[in-house]
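Chemist: Submitted below is the structure of interest, expressed as structure tokens.
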Amino acid sequence: MDTQWPRYEVFKQDRPGEPHESIGTVHAVDAEMALQNGRDLFARRPKCHSLWVARADAITSKTAEQLAAKELATDNSWQADIDPQAPTETYLVFQKQTERRGMTFTTHVGEVEASSPVHALQQAIAIFPAEQVFVWWVCPASAVTRSEEADTLPMFAPAQDKLYRLPNQYRTVFTMQKIKRGKDVIE
Amino acid sequence: MYGQETDPDYPTKLAEFEARIARGEKIEPGDWMPERYRKQLVRMISQHAHSEVVGMLPEGAWITRAPNLRRKQVLLAKVQDEAGHGQYLYHAAETLGATREEMLQALLTGQAKYSSIFNYPTVTWSDMGAIGWLVDGAAIMNQTMLAQCSYGPYSRAMVRICAEEGFHKKQGQEMIIQYAQGTPEQKAMAQDSINRFWWPTLMMFGPHDSASTNSDELTRWGIKTKSNDQLRQEFVNELVPLLHALGLEVPDPDLRYDEESGNWISGEINWNEFWQVVKGNGPMNAARLQARQEAHDNGRWVREALAAYAERDV
Amino acid sequence: MNAHHQSALAQKLLFLADDELILAHRNSEWTGHGPILEEDIAFTNIALDEMGHAATWHRLRQELTGEEVDTAVFFRDPAAYRNVQLVELPNSDWAFSMLRQYLFDVYELVHLAQLAASSYRPLAEAAAKIRIEEIYHLRHTAAWVTRLGLGTAESNQRMQAALDTHWPYAHQLFVEMPEDAVLAEMGTAVSPTSLLDEWQQITTAHLTQANLIIPTNHTPPTTDRADHTDHLTSLLAEMQSVARQYPTAVW
């Protein structure tokens with residue numbers, strides 16, 4: 001069977017200070033290549049300041065519908081997973097916060113300390129309540145690889161000069177109006 | 001989470017699912033959905049992804065011959081975008097449990113379809129203009145609709161693709177506008193490209209509504225919100241006046257303007273040709289699949305080497 | 001700048017532009033045919049960048065000679081091209097193209113660091129800007145070299161074969177042309193010969209770590225940038241075909 005390599009989720013930050021948002025996946029054999037492929041796929045056009053990548057299988061995802069189906073407080077399977085003695089680690093928490101049309105999915109909202117993905121989800125729901133969360137993601141921080149501050153210039157600045165990728169460089173509407181008014185455009 | 005019709009709760013869950021869609025909610029990976037919804041989406045999305053991937057070939061053939069540096073950069077960037085669109089779409093299908101390995105296999109063995117427009121040859125430079133303006137213009141109409149579809153990952157991929165396709169369409173239109181007013185040879189070349197790509201572009205919207213088998217379900221489940229004929233009509237209405245303003249002819253002797261509806265009414269599409277190309281008998285079907293197969297075969301040792309590198313003991 | 005100096009600089013800009021353009025052409029032949037979709041994008045990006053660099057060098061040259069960029073690219077005969085032979089060799093497998101790009105990226109990075117210190121401001125500024133993109137190219141190609149070198153027996157053998165072919169050709173990049181000597185004396189650009197040690201150190205360390213053996217043959221097939229293989233003739237015949245068929249048209 002052919003291999004197309006494992007999938008990595010890619011999270012993009014447009015400007016410093018803004019949250020990272022999940023934007024899709026790339027196939028890559030390791031995190032370094034996933035960062036590079038994420039850059040080439042999702043940052044061909046401005047703006048990008050930073051990228052994170054994480055193996056898709058390191059992320060635990062629950063939709064609002066899935067959460068509603070299990071009564072959190074009473075569901076044993078939900079509780080059984082959590083061992084109060086187990087060592088904890090940091091998890092990143094992401095939420096899908098809107099149904100508005102757009103190209104990004106979940107948004108990074110913060111971190112929790114937890115002993116398992118299920119524990120992390122519980123913590124996240126308690127710590128980051130939002131009026132409406134459509135999807136929750138948690139991912140161990142150790143599974144996330146991040147572009148560095150020094151990468152911003154070589155990785156993301158060049159896209160700003162590639163103006164030919166932007167539709168506003170092609171003045172077709174204006175030109176058609178001129179033609180309709182009977183003017184010669186090749187002047 | 002993929003509902004089977006044999007499940008006793010299926011009717012209740014289906015009613016809830018359809019109510020969600022009617023409320024304009026997005027279905028996300030992990031949500032309950034009918035198995036048939038999943039199947040239809042995988043079929044549509046992977047077909048769409050394959051179209052982007054195969055779509056690199058007819059234009060890619062002209063990268064090395066672009067007549068100036070700017071056009072060369074633009075064409076490279078455009079074909080590159082198509083590889084990107086393929087990836088966005090494969091990703092959307094992957095969220096439904098399909099793997100890229102399986103999907104590519106289905107493409108190479110001819111089980112999966114892709115847009116038949118890419119089975120036509122590109123024989124002159126101005127075909128790059130016609131593909132950008134007509135083919136991508138037609139694709140945008142379909143994609144703008146799909147950007148509103150009920151499945152979250154497909155909708156998001158489409159929003160991203162639409163944003164990028166704007167550049168594809170405009171660079172093509174810019175060429176045709178320029179060539180229509182250029183030297184006599186350029187104008188003739190532009191007209192010839194329009195002549196060859198007009199009808200295949202109209203066929204891109206698919207069979208007439210009366211002959212389209214999948215439409216009802218796709219509409220009810222919020223995947224398609226406009227019919228094939230509706231989208232085709234919007235396209236014809238947009239393009240005809242612009243082509244006329246440029247002094248170019250539309251290669252349809254039966255084309256007429258209907259005062260009452262405000263529509264440009266096309267002559268009948270050659271459906272026999274359409275079905276022939278869909279069935280694999282178009283002028284370039286074999287060549288396109290062969291090119292993909294070769295890239296796949298030549299790349300196998302590369303994919304395997306990197307997989308082996310990742311798994312080695314350090 | 002006197003006429004002698006100026007013409008040497010114009011010629012140097014042609015060396016830079018032609019290397020980038022012809023390499024970009026070869027890389028662009030991979031677009032749509034790469035080993036994995038991700039790389040159709042990545043390798044095309046490198047081709048696009050190199051093409052942009054060629055345009056930048058040509059624009060600087062235009063300021064000196066008045067020759068339009070597209071005229072220089074599309075209406076110049078193979079005999080007037082001044083690229084090294086390394087970049088005109090036709091693609092064979094992915095190892096061949098990736099390794100060539102890697103060797104060229106190291107050369108560019110080392111070279112551009114020096115050109116960024118040129119006393120000719122436009123050259124220094126362009127070099128500094130281009131260098132930023134090259135940092136990323138090298139990150140990409142160096143990672144690929146490691147992975148293919150250490151991947152499977154087959155990938156290692158293909159990389160070794162590519163290295164054996166490219167290594168002598170790559171050394172042409174460091175041959176001093178008469179124009180280089182003029183520019184070095186004026187402080188406009190370092191002689192490429194002075195870059196060789198650093199290039200060899202960087203590439204040798206990296207290639208060796210990727211389990212590749214450095215070839216002993218360091219002698220390029222030619223030391224004159226005016227010499228070409230017959231591959232350049234067919235490459236340019238294709239590249240210039242549309243432009244030359246309609247010489248009065250604006251595209």
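FYI, nothing fancy with the structure tokens labels: chains A, B, ... in order, residues from 1 per chain, ligands from 1 as they appear.
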What's around region 115-120 of chain A at 6 Å? Count only C-alpha atoms, leave out sequence neighbours fewer than 3 positions away in its own chain, and write the answer as a CSV table (one decimal) with C-alpha atoms, in the first residue's frame.

Modeler:
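Once everything was written out, this is part-v7.csv:
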chain,number,residue,atom,x,y,z
A,86,ALA,CA,-1.6,10.4,37.9
A,87,PRO,CA,1.0,12.9,36.9
A,88,THR,CA,-0.3,15.8,34.9
A,123,GLN,CA,-10.8,21.0,33.0
A,124,ALA,CA,-11.1,23.0,29.8

Chemist: Using only C-alpha atoms, which residues sit within 8 Å of Glu134 (chain C) once same-chain residues fewer than 3 positions away are excluded, as a PyMOL selection string?

Modeler: (chain A and resi 154) or (chain C and resi 105+108-109+130-131+137-138)

Chemist: Taking only C-alpha atoms into account, produce a table as JSON lines in which each residue of region 81-114 of chain A with an atom at most 7 Å from an atom of region 147-163 of chain B appears once, together with its shortest atom pair and the distance in Å to one decimal, ordered by chain and rising number.

Modeler:
{"residue": "A:Gly102", "atom": "CA", "partner": "B:Arg156", "partner_atom": "CA", "distance": 5.8}
{"residue": "A:Met103", "atom": "CA", "partner": "B:Arg156", "partner_atom": "CA", "distance": 4.4}
{"residue": "A:Thr104", "atom": "CA", "partner": "B:Arg156", "partner_atom": "CA", "distance": 6.7}

Chemist: With C-alpha atoms retained, write the just-selected residues as an mmCIF file, in the first residue's frame.

Modeler:
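Below you can see part_16.cif, which holds the result:
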data_model
loop_
_atom_site.group_PDB
_atom_site.id
_atom_site.type_symbol
_atom_site.label_atom_id
_atom_site.label_comp_id
_atom_site.auth_asym_id
_atom_site.auth_seq_id
_atom_site.Cartn_x
_atom_site.Cartn_y
_atom_site.Cartn_z
ATOM 1 C CA GLY A 102 -14.793 31.403 7.402
ATOM 2 C CA MET A 103 -11.666 29.454 6.667
ATOM 3 C CA THR A 104 -10.509 28.715 10.200
#

Chemist: Please compute the CA of Gln6 (chain C)-CA of Pro122 (chain C) distance, one decimal, in Å.

Modeler: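 For CA of Gln6 (chain C) relative to CA of Pro122 (chain C), the distance reads 13.2 Å.
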
Chemist: Report as CSV the residues of chain A within 8 Å of chain B, each with its shortest atom pair and distance in Å (one decimal), using only C-alpha atoms, ordered by chain and increasing residue number.

Modeler:
residue,atom,partner,partner_atom,distance
A:Met1,CA,B:Glu101,CA,7.8
A:Asp2,CA,B:Glu101,CA,6.1
A:Thr3,CA,B:Glu101,CA,6.4
A:Gln4,CA,B:Glu101,CA,6.0
A:Trp5,CA,B:Ala307,CA,6.7
A:Gly24,CA,B:His91,CA,6.8
A:Thr25,CA,B:His91,CA,6.2
A:Val26,CA,B:Gln87,CA,7.5
A:Val29,CA,B:Ala310,CA,5.8
A:Asp30,CA,B:Ala310,CA,6.5
A:Leu41,CA,B:Gly84,CA,6.0
A:Ser61,CA,B:Gly30,CA,7.8
A:Lys62,CA,B:Gly30,CA,6.8
A:Thr63,CA,B:Gly30,CA,6.3
A:Glu65,CA,B:Asp31,CA,6.2
A:Gln66,CA,B:Asp31,CA,6.5
A:Glu99,CA,B:Lys26,CA,6.7
A:Arg101,CA,B:Arg156,CA,7.3
A:Gly102,CA,B:Arg156,CA,5.8
A:Met103,CA,B:Arg156,CA,4.4
A:Thr104,CA,B:Arg156,CA,6.7
A:Phe105,CA,B:Arg156,CA,7.7
A:Val135,CA,B:Glu28,CA,7.9
A:Tyr164,CA,B:Val74,CA,6.1
A:Arg165,CA,B:Phe167,CA,6.4
A:Leu166,CA,B:Phe167,CA,5.8
A:Pro167,CA,B:Phe167,CA,4.1
A:Asn168,CA,B:Phe167,CA,7.9
A:Tyr170,CA,B:Lys170,CA,6.0
A:Arg171,CA,B:Glu174,CA,7.6
A:Thr172,CA,B:Glu174,CA,5.8
A:Met176,CA,B:Leu242,CA,7.5
A:Ile179,CA,B:Ala245,CA,7.1
A:Lys180,CA,B:Ala245,CA,6.2
A:Ile186,CA,B:Gln181,CA,7.3

Chemist: Could you save those same residues with N, CA, C and O atoms as a compact mmCIF listing (two decimals), in the first residue's frame?

Modeler:
# COMPACT_ATOMS: atom_id res chain seq x y z
N MET A 1 0.86 -1.22 0.00
CA MET A 1 0.00 0.00 0.00
C MET A 1 0.88 1.24 0.00
O MET A 1 1.90 1.30 0.67
N ASP A 2 0.46 2.22 -0.75
CA ASP A 2 1.17 3.50 -0.82
C ASP A 2 1.15 4.20 0.54
O ASP A 2 0.28 3.97 1.36
N THR A 3 2.14 5.06 0.77
CA THR A 3 2.05 5.92 1.95
C THR A 3 2.00 7.37 1.51
O THR A 3 2.74 7.78 0.63
N GLN A 4 1.09 8.09 2.10
CA GLN A 4 1.02 9.54 1.90
C GLN A 4 1.47 10.27 3.17
O GLN A 4 1.26 11.46 3.31
N TRP A 5 2.04 9.53 4.10
CA TRP A 5 2.57 10.08 5.35
C TRP A 5 1.44 10.49 6.32
O TRP A 5 0.32 10.77 5.91
N GLY A 24 -6.34 23.51 8.97
CA GLY A 24 -6.33 22.35 8.09
C GLY A 24 -5.13 21.48 8.38
O GLY A 24 -4.45 21.68 9.39
N THR A 25 -4.90 20.51 7.51
CA THR A 25 -3.81 19.57 7.77
C THR A 25 -2.85 19.52 6.60
O THR A 25 -3.18 19.92 5.48
N VAL A 26 -1.65 19.06 6.90
CA VAL A 26 -0.68 18.69 5.86
C VAL A 26 -0.22 17.27 6.15
O VAL A 26 -0.32 16.80 7.29
N VAL A 29 6.31 13.64 7.38
CA VAL A 29 6.86 12.52 8.15
C VAL A 29 7.30 12.93 9.54
O VAL A 29 7.49 12.10 10.41
N ASP A 30 7.53 14.22 9.75
CA ASP A 30 7.91 14.66 11.09
C ASP A 30 7.49 16.13 11.26
O ASP A 30 7.02 16.76 10.31
N LEU A 41 1.79 25.66 2.36
CA LEU A 41 0.37 25.51 2.01
C LEU A 41 -0.47 26.69 2.50
O LEU A 41 -1.30 27.20 1.77
N SER A 61 -10.90 15.49 20.12
CA SER A 61 -11.93 16.43 19.66
C SER A 61 -13.30 15.98 20.14
O SER A 61 -13.61 14.79 20.10
N LYS A 62 -14.08 16.93 20.63
CA LYS A 62 -15.48 16.63 20.98
C LYS A 62 -16.36 17.78 20.50
O LYS A 62 -16.09 18.94 20.78
N THR A 63 -17.42 17.39 19.81
CA THR A 63 -18.37 18.43 19.38
C THR A 63 -19.39 18.65 20.49
O THR A 63 -19.55 17.80 21.40
N GLU A 65 -22.44 18.38 20.23
CA GLU A 65 -23.42 17.29 20.16
C GLU A 65 -22.91 16.05 20.89
O GLU A 65 -23.65 15.41 21.63
N GLN A 66 -21.62 15.76 20.71
CA GLN A 66 -21.05 14.60 21.40
C GLN A 66 -21.06 14.79 22.91
O GLN A 66 -21.33 13.87 23.67
N GLU A 99 -20.33 29.96 14.17
CA GLU A 99 -20.84 29.27 12.98
C GLU A 99 -20.71 30.17 11.76
O GLU A 99 -21.19 29.83 10.69
N ARG A 101 -19.34 31.92 8.50
CA ARG A 101 -18.57 31.37 7.40
C ARG A 101 -17.14 31.88 7.47
O ARG A 101 -16.90 33.06 7.69
N GLY A 102 -16.18 30.99 7.36
CA GLY A 102 -14.79 31.40 7.40
C GLY A 102 -13.89 30.26 7.03
O GLY A 102 -14.37 29.17 6.72
N MET A 103 -12.58 30.52 7.05
CA MET A 103 -11.67 29.45 6.67
C MET A 103 -10.92 28.83 7.84
O MET A 103 -10.10 27.95 7.65
N THR A 104 -11.18 29.30 9.05
CA THR A 104 -10.51 28.71 10.20
C THR A 104 -11.51 27.91 11.03
O THR A 104 -12.72 28.14 10.96
N PHE A 105 -10.98 26.99 11.82
CA PHE A 105 -11.86 26.08 12.55
C PHE A 105 -11.82 26.40 14.04
O PHE A 105 -12.59 27.23 14.52
N VAL A 135 -17.18 23.11 19.09
CA VAL A 135 -16.23 22.00 19.11
C VAL A 135 -15.12 22.32 20.10
O VAL A 135 -14.65 23.46 20.16
N TYR A 164 1.56 39.06 -7.15
CA TYR A 164 0.81 38.45 -8.26
C TYR A 164 -0.21 37.42 -7.78
O TYR A 164 -1.03 36.96 -8.55
N ARG A 165 -0.13 37.03 -6.51
CA ARG A 165 -1.11 36.07 -6.01
C ARG A 165 -2.41 36.75 -5.55
O ARG A 165 -3.35 36.07 -5.16
N LEU A 166 -2.44 38.06 -5.58
CA LEU A 166 -3.60 38.76 -5.02
C LEU A 166 -4.52 39.27 -6.13
O LEU A 166 -4.06 39.88 -7.09
N PRO A 167 -5.83 39.00 -5.98
CA PRO A 167 -6.76 39.40 -7.05
C PRO A 167 -6.76 40.91 -7.31
O PRO A 167 -7.02 41.32 -8.44
N ASN A 168 -6.45 41.71 -6.30
CA ASN A 168 -6.53 43.16 -6.52
C ASN A 168 -5.41 43.68 -7.44
O ASN A 168 -5.37 44.87 -7.75
N TYR A 170 -5.19 42.66 -10.44
CA TYR A 170 -5.73 42.48 -11.80
C TYR A 170 -6.96 43.36 -11.95
O TYR A 170 -7.99 43.09 -11.36
N ARG A 171 -6.81 44.43 -12.74
CA ARG A 171 -7.87 45.43 -12.75
C ARG A 171 -8.87 45.12 -13.87
O ARG A 171 -9.12 45.94 -14.75
N THR A 172 -9.44 43.93 -13.81
CA THR A 172 -10.30 43.52 -14.91
C THR A 172 -11.63 44.27 -14.93
O THR A 172 -12.14 44.58 -16.00
N MET A 176 -12.80 46.49 -18.05
CA MET A 176 -14.03 46.20 -18.81
C MET A 176 -14.93 47.44 -18.88
O MET A 176 -15.54 47.70 -19.91
N ILE A 179 -13.60 49.66 -21.51
CA ILE A 179 -13.87 49.16 -22.86
C ILE A 179 -15.32 49.45 -23.23
O ILE A 179 -15.61 49.89 -24.34
N LYS A 180 -16.20 49.23 -22.27
CA LYS A 180 -17.62 49.46 -22.56
C LYS A 180 -17.86 50.93 -22.88
O LYS A 180 -18.78 51.27 -23.63
N ILE A 186 -5.24 49.62 -24.50
CA ILE A 186 -3.80 49.43 -24.73
C ILE A 186 -3.22 50.78 -25.13
O ILE A 186 -3.01 51.07 -26.29

Chemist: Chain A near chain C within 9 Å: what's each residue's closest atom pair and its distance in Å to one decimal, counting only C-alpha atoms, ordered by chain then ascending residue number, as JSON lines?

Modeler:
{"residue": "A:Gln4", "atom": "CA", "partner": "C:Ile36", "partner_atom": "CA", "distance": 7.3}
{"residue": "A:Val26", "atom": "CA", "partner": "C:Glu38", "partner_atom": "CA", "distance": 7.3}
{"residue": "A:His27", "atom": "CA", "partner": "C:Glu38", "partner_atom": "CA", "distance": 7.1}
{"residue": "A:Ala28", "atom": "CA", "partner": "C:Glu38", "partner_atom": "CA", "distance": 8.2}
{"residue": "A:Glu32", "atom": "CA", "partner": "C:Ala143", "partner_atom": "CA", "distance": 8.4}
{"residue": "A:Met33", "atom": "CA", "partner": "C:Ala143", "partner_atom": "CA", "distance": 7.9}
{"residue": "A:Gln36", "atom": "CA", "partner": "C:His140", "partner_atom": "CA", "distance": 7.2}
{"residue": "A:Asn37", "atom": "CA", "partner": "C:Glu38", "partner_atom": "CA", "distance": 6.1}
{"residue": "A:Gly38", "atom": "CA", "partner": "C:Glu38", "partner_atom": "CA", "distance": 8.8}
{"residue": "A:Arg39", "atom": "CA", "partner": "C:Ala42", "partner_atom": "CA", "distance": 8.9}
{"residue": "A:Asp40", "atom": "CA", "partner": "C:Ala42", "partner_atom": "CA", "distance": 5.7}
{"residue": "A:Leu41", "atom": "CA", "partner": "C:Ile41", "partner_atom": "CA", "distance": 6.9}
{"residue": "A:Arg44", "atom": "CA", "partner": "C:Asn45", "partner_atom": "CA", "distance": 8.6}
{"residue": "A:Asp151", "atom": "CA", "partner": "C:Tyr136", "partner_atom": "CA", "distance": 8.6}
{"residue": "A:Leu153", "atom": "CA", "partner": "C:Ile132", "partner_atom": "CA", "distance": 7.2}
{"residue": "A:Pro154", "atom": "CA", "partner": "C:Ile132", "partner_atom": "CA", "distance": 5.1}
{"residue": "A:Met155", "atom": "CA", "partner": "C:Tyr136", "partner_atom": "CA", "distance": 6.2}
{"residue": "A:Ala157", "atom": "CA", "partner": "C:Ile132", "partner_atom": "CA", "distance": 8.6}
{"residue": "A:Pro158", "atom": "CA", "partner": "C:Glu133", "partner_atom": "CA", "distance": 6.5}

Chemist: Write the selection just made, keeping all heavy atoms, as a CSV table (one decimal), in the first residue's frame?

Modeler:
chain,number,residue,atom,x,y,z
A,4,GLN,N,1.1,8.1,2.1
A,4,GLN,CA,1.0,9.5,1.9
A,4,GLN,C,1.5,10.3,3.2
A,4,GLN,O,1.3,11.5,3.3
A,4,GLN,CB,-0.4,10.0,1.5
A,4,GLN,CG,-0.8,9.5,0.1
A,4,GLN,CD,-0.2,10.3,-1.0
A,4,GLN,OE1,-0.3,11.6,-0.9
A,4,GLN,NE2,0.4,9.7,-2.0
A,26,VAL,N,-1.6,19.1,6.9
A,26,VAL,CA,-0.7,18.7,5.9
A,26,VAL,C,-0.2,17.3,6.2
A,26,VAL,O,-0.3,16.8,7.3
A,26,VAL,CB,0.6,19.6,5.8
A,26,VAL,CG1,0.2,21.0,5.4
A,26,VAL,CG2,1.2,19.7,7.2
A,27,HIS,N,0.3,16.6,5.1
A,27,HIS,CA,0.9,15.3,5.3
A,27,HIS,C,2.4,15.5,5.5
A,27,HIS,O,3.0,16.3,4.7
A,27,HIS,CB,0.6,14.4,4.1
A,27,HIS,CG,-0.8,14.0,4.1
A,27,HIS,ND1,-1.2,12.6,4.0
A,27,HIS,CD2,-2.0,14.7,4.1
A,27,HIS,CE1,-2.5,12.5,4.0
A,27,HIS,NE2,-3.0,13.8,4.0
A,28,ALA,N,3.1,14.9,6.4
A,28,ALA,CA,4.5,15.1,6.7
A,28,ALA,C,5.0,13.9,7.5
A,28,ALA,O,4.2,13.3,8.2
A,28,ALA,CB,4.8,16.4,7.4
A,32,GLU,N,9.2,18.9,11.8
A,32,GLU,CA,9.9,19.9,11.0
A,32,GLU,C,9.3,20.0,9.6
A,32,GLU,O,9.1,21.1,9.1
A,32,GLU,CB,11.4,19.6,10.9
A,32,GLU,CG,12.2,20.4,9.9
A,32,GLU,CD,12.3,21.9,10.1
A,32,GLU,OE1,11.9,22.3,11.2
A,32,GLU,OE2,12.6,22.6,9.2
A,33,MET,N,9.1,18.9,9.0
A,33,MET,CA,8.5,18.9,7.6
A,33,MET,C,7.1,19.4,7.7
A,33,MET,O,6.7,20.1,6.7
A,33,MET,CB,8.6,17.5,7.0
A,33,MET,CG,8.2,17.5,5.6
A,33,MET,SD,9.1,16.2,4.7
A,33,MET,CE,10.7,17.0,4.5
A,36,GLN,N,7.2,23.1,7.7
A,36,GLN,CA,7.6,23.6,6.3
A,36,GLN,C,6.4,23.5,5.4
A,36,GLN,O,6.1,24.4,4.6
A,36,GLN,CB,8.8,22.9,5.8
A,36,GLN,CG,10.1,23.1,6.6
A,36,GLN,CD,11.3,22.5,5.9
A,36,GLN,OE1,11.2,22.1,4.7
A,36,GLN,NE2,12.4,22.6,6.5
A,37,ASN,N,5.7,22.3,5.4
A,37,ASN,CA,4.6,22.1,4.5
A,37,ASN,C,3.4,23.0,4.9
A,37,ASN,O,2.7,23.5,4.0
A,37,ASN,CB,4.2,20.7,4.5
A,37,ASN,CG,5.2,19.7,3.8
A,37,ASN,OD1,6.1,20.2,3.2
A,37,ASN,ND2,5.1,18.5,4.1
A,38,GLY,N,3.3,23.2,6.2
A,38,GLY,CA,2.2,24.2,6.6
A,38,GLY,C,2.5,25.6,6.1
A,38,GLY,O,1.6,26.3,5.7
A,39,ARG,N,3.8,26.0,6.2
A,39,ARG,CA,4.1,27.3,5.7
A,39,ARG,C,3.8,27.4,4.2
A,39,ARG,O,3.2,28.4,3.7
A,39,ARG,CB,5.6,27.5,5.9
A,39,ARG,CG,6.2,28.8,5.4
A,39,ARG,CD,7.0,28.6,4.2
A,39,ARG,NE,7.8,29.8,3.9
A,39,ARG,CZ,8.4,30.0,2.7
A,39,ARG,NH1,8.3,29.2,1.7
A,39,ARG,NH2,9.1,31.1,2.5
A,40,ASP,N,4.2,26.4,3.4
A,40,ASP,CA,4.0,26.5,2.0
A,40,ASP,C,2.6,26.4,1.6
A,40,ASP,O,2.1,27.0,0.6
A,40,ASP,CB,4.9,25.4,1.2
A,40,ASP,CG,6.3,25.8,1.3
A,40,ASP,OD1,6.7,27.0,1.2
A,40,ASP,OD2,7.2,24.9,1.3
A,41,LEU,N,1.8,25.7,2.4
A,41,LEU,CA,0.4,25.5,2.0
A,41,LEU,C,-0.5,26.7,2.5
A,41,LEU,O,-1.3,27.2,1.8
A,41,LEU,CB,-0.2,24.2,2.6
A,41,LEU,CG,-1.7,23.9,2.2
A,41,LEU,CD1,-1.8,23.9,0.7
A,41,LEU,CD2,-2.1,22.6,2.8
A,44,ARG,N,1.2,31.1,1.8
A,44,ARG,CA,1.7,31.6,0.5
A,44,ARG,C,1.3,33.0,0.3
A,44,ARG,O,1.9,33.8,-0.4
A,44,ARG,CB,1.1,30.8,-0.6
A,44,ARG,CG,1.5,29.4,-0.7
A,44,ARG,CD,1.3,28.8,-2.1
A,44,ARG,NE,-0.1,28.7,-2.5
A,44,ARG,CZ,-1.0,28.0,-2.0
A,44,ARG,NH1,-0.8,27.2,-0.9
A,44,ARG,NH2,-2.3,28.0,-2.4
A,151,ASP,N,12.1,32.6,12.9
A,151,ASP,CA,11.6,32.0,11.7
A,151,ASP,C,10.7,33.0,10.9
A,151,ASP,O,10.5,32.9,9.7
A,151,ASP,CB,10.8,30.8,11.9
A,151,ASP,CG,11.7,29.6,12.5
A,151,ASP,OD1,12.9,29.6,12.2
A,151,ASP,OD2,11.1,28.8,13.2
A,153,LEU,N,10.8,36.0,9.8
A,153,LEU,CA,11.2,36.7,8.6
A,153,LEU,C,11.4,35.8,7.4
A,153,LEU,O,10.8,36.0,6.4
A,153,LEU,CB,12.5,37.5,9.0
A,153,LEU,CG,13.0,38.5,7.9
A,153,LEU,CD1,11.9,39.6,7.7
A,153,LEU,CD2,14.3,39.2,8.4
A,154,PRO,N,12.3,34.8,7.5
A,154,PRO,CA,12.5,33.9,6.4
A,154,PRO,C,11.3,33.1,6.0
A,154,PRO,O,11.1,32.8,4.8
A,154,PRO,CB,13.7,33.0,6.7
A,154,PRO,CG,13.8,33.1,8.2
A,154,PRO,CD,13.2,34.4,8.6
A,155,MET,N,10.5,32.7,6.9
A,155,MET,CA,9.3,31.9,6.6
A,155,MET,C,8.1,32.6,6.1
A,155,MET,O,7.5,32.2,5.1
A,155,MET,CB,8.9,31.0,7.8
A,155,MET,CG,9.8,29.8,8.1
A,155,MET,SD,9.1,28.8,9.5
A,155,MET,CE,8.2,27.6,8.6
A,157,ALA,N,7.8,36.5,5.8
A,157,ALA,CA,7.9,37.8,5.1
A,157,ALA,C,7.9,37.7,3.6
A,157,ALA,O,7.3,38.6,3.0
A,157,ALA,CB,9.1,38.5,5.6
A,158,PRO,N,8.6,36.7,3.0
A,158,PRO,CA,8.6,36.7,1.5
A,158,PRO,C,7.2,36.8,0.8
A,158,PRO,O,7.1,37.4,-0.2
A,158,PRO,CB,9.4,35.5,1.2
A,158,PRO,CG,10.3,35.3,2.3
A,158,PRO,CD,9.5,35.7,3.5

Chemist: Hey, what does DSSP flag as alpha helix (DSSP H) within region 2-82 of chain A? Can you give it to me as a list in words?

Modeler: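 Here are the alpha helix (DSSP H) residues of region 2-82 of chain A: Ala31, Glu32, Met33, Ala34, Leu35, Gln36, Asn37, Gly38, Arg39, Asp40, Leu41, Phe42, Ala64, Glu65, Gln66, Leu67, Ala68, Ala69, Asn76, Ser77, Trp78, Gln79 and Ala80 of chain A.
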
Chemist: Using only C-alpha atoms, which chain C residues lie at most 6 Å away from chain B, written as a list in words?

Modeler: Gly32, His33, Pro35, Ile41, Asp70, Arg147, Gly151, Thr152, Glu238, Met239, Val242 and Ala243 of chain C

Chemist: Return the single residue from A:His108, A:Thr98, A:Arg181, A:Lys162 that is closest to His20 (chain A), with distances computed using only C-alpha atoms.

Modeler: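 Smallest separation from His20 (chain A) among the options: A:His108.
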
Chemist: Within 8 Å of Ala95 (chain C), counting only C-alpha atoms, which residues show up once you throw out same-chain ones fewer than 6 positions away? Write them as number ranges by chain, please.

Modeler: C: 148, 155, 158-159, 162

Chemist: Once DSSP has gone over the backbone, tell me which residues of region 6-183 of chain A are in strand (DSSP E or B), as a PyMOL selection string.

Modeler: chain A and resi 7-13+21-27+50-55+60-63+89-96+107-114+135-140+144-146

Chemist: At a cut-off of 12 Å, using only C-alpha atoms, what residues contact Glu238 (chain B)? Leave out same-chain residues fewer than 5 positions from it and give the result as a list of chain:residue names.

Modeler: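 Skipping anything fewer than 5 positions along the chain leaves B:Trp133, B:Leu134, B:Gly137, B:Ala138, B:Met141, B:Leu231, B:Arg232, B:Gln233, B:Leu243, B:His244, B:Ala245, B:Gly262, B:Asn263, B:Trp264.
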
Chemist: Residues near Cys48 (chain A), anyone? I mean within 6 Å using only C-alpha atoms, not counting same-chain ones fewer than 2 positions away, as a PyMOL selection string.

Modeler: chain A and resi 13-14+46+50+156

Chemist: Can you tell me which residues surround Trp199 (chain B) at a distance of at most 8 Å, considering only C-alpha atoms, apart from same-chain residues fewer than 4 positions away, and format the answer as a PyMOL selection string?

Modeler: chain B and resi 195+203+269

Chemist: Go ahead and compute the interatomic distance for CA of Asn119 (chain B) and CA of Met44 (chain B), in Å to one decimal.

Modeler: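 One can read the CA of Asn119 (chain B) to CA of Met44 (chain B) distance as 18.5 Å.
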
Chemist: What does the distance from CA of Ala161 (chain C) to CA of Ile214 (chain C) come to in Å, to one decimal?

Modeler: 11.0 Å
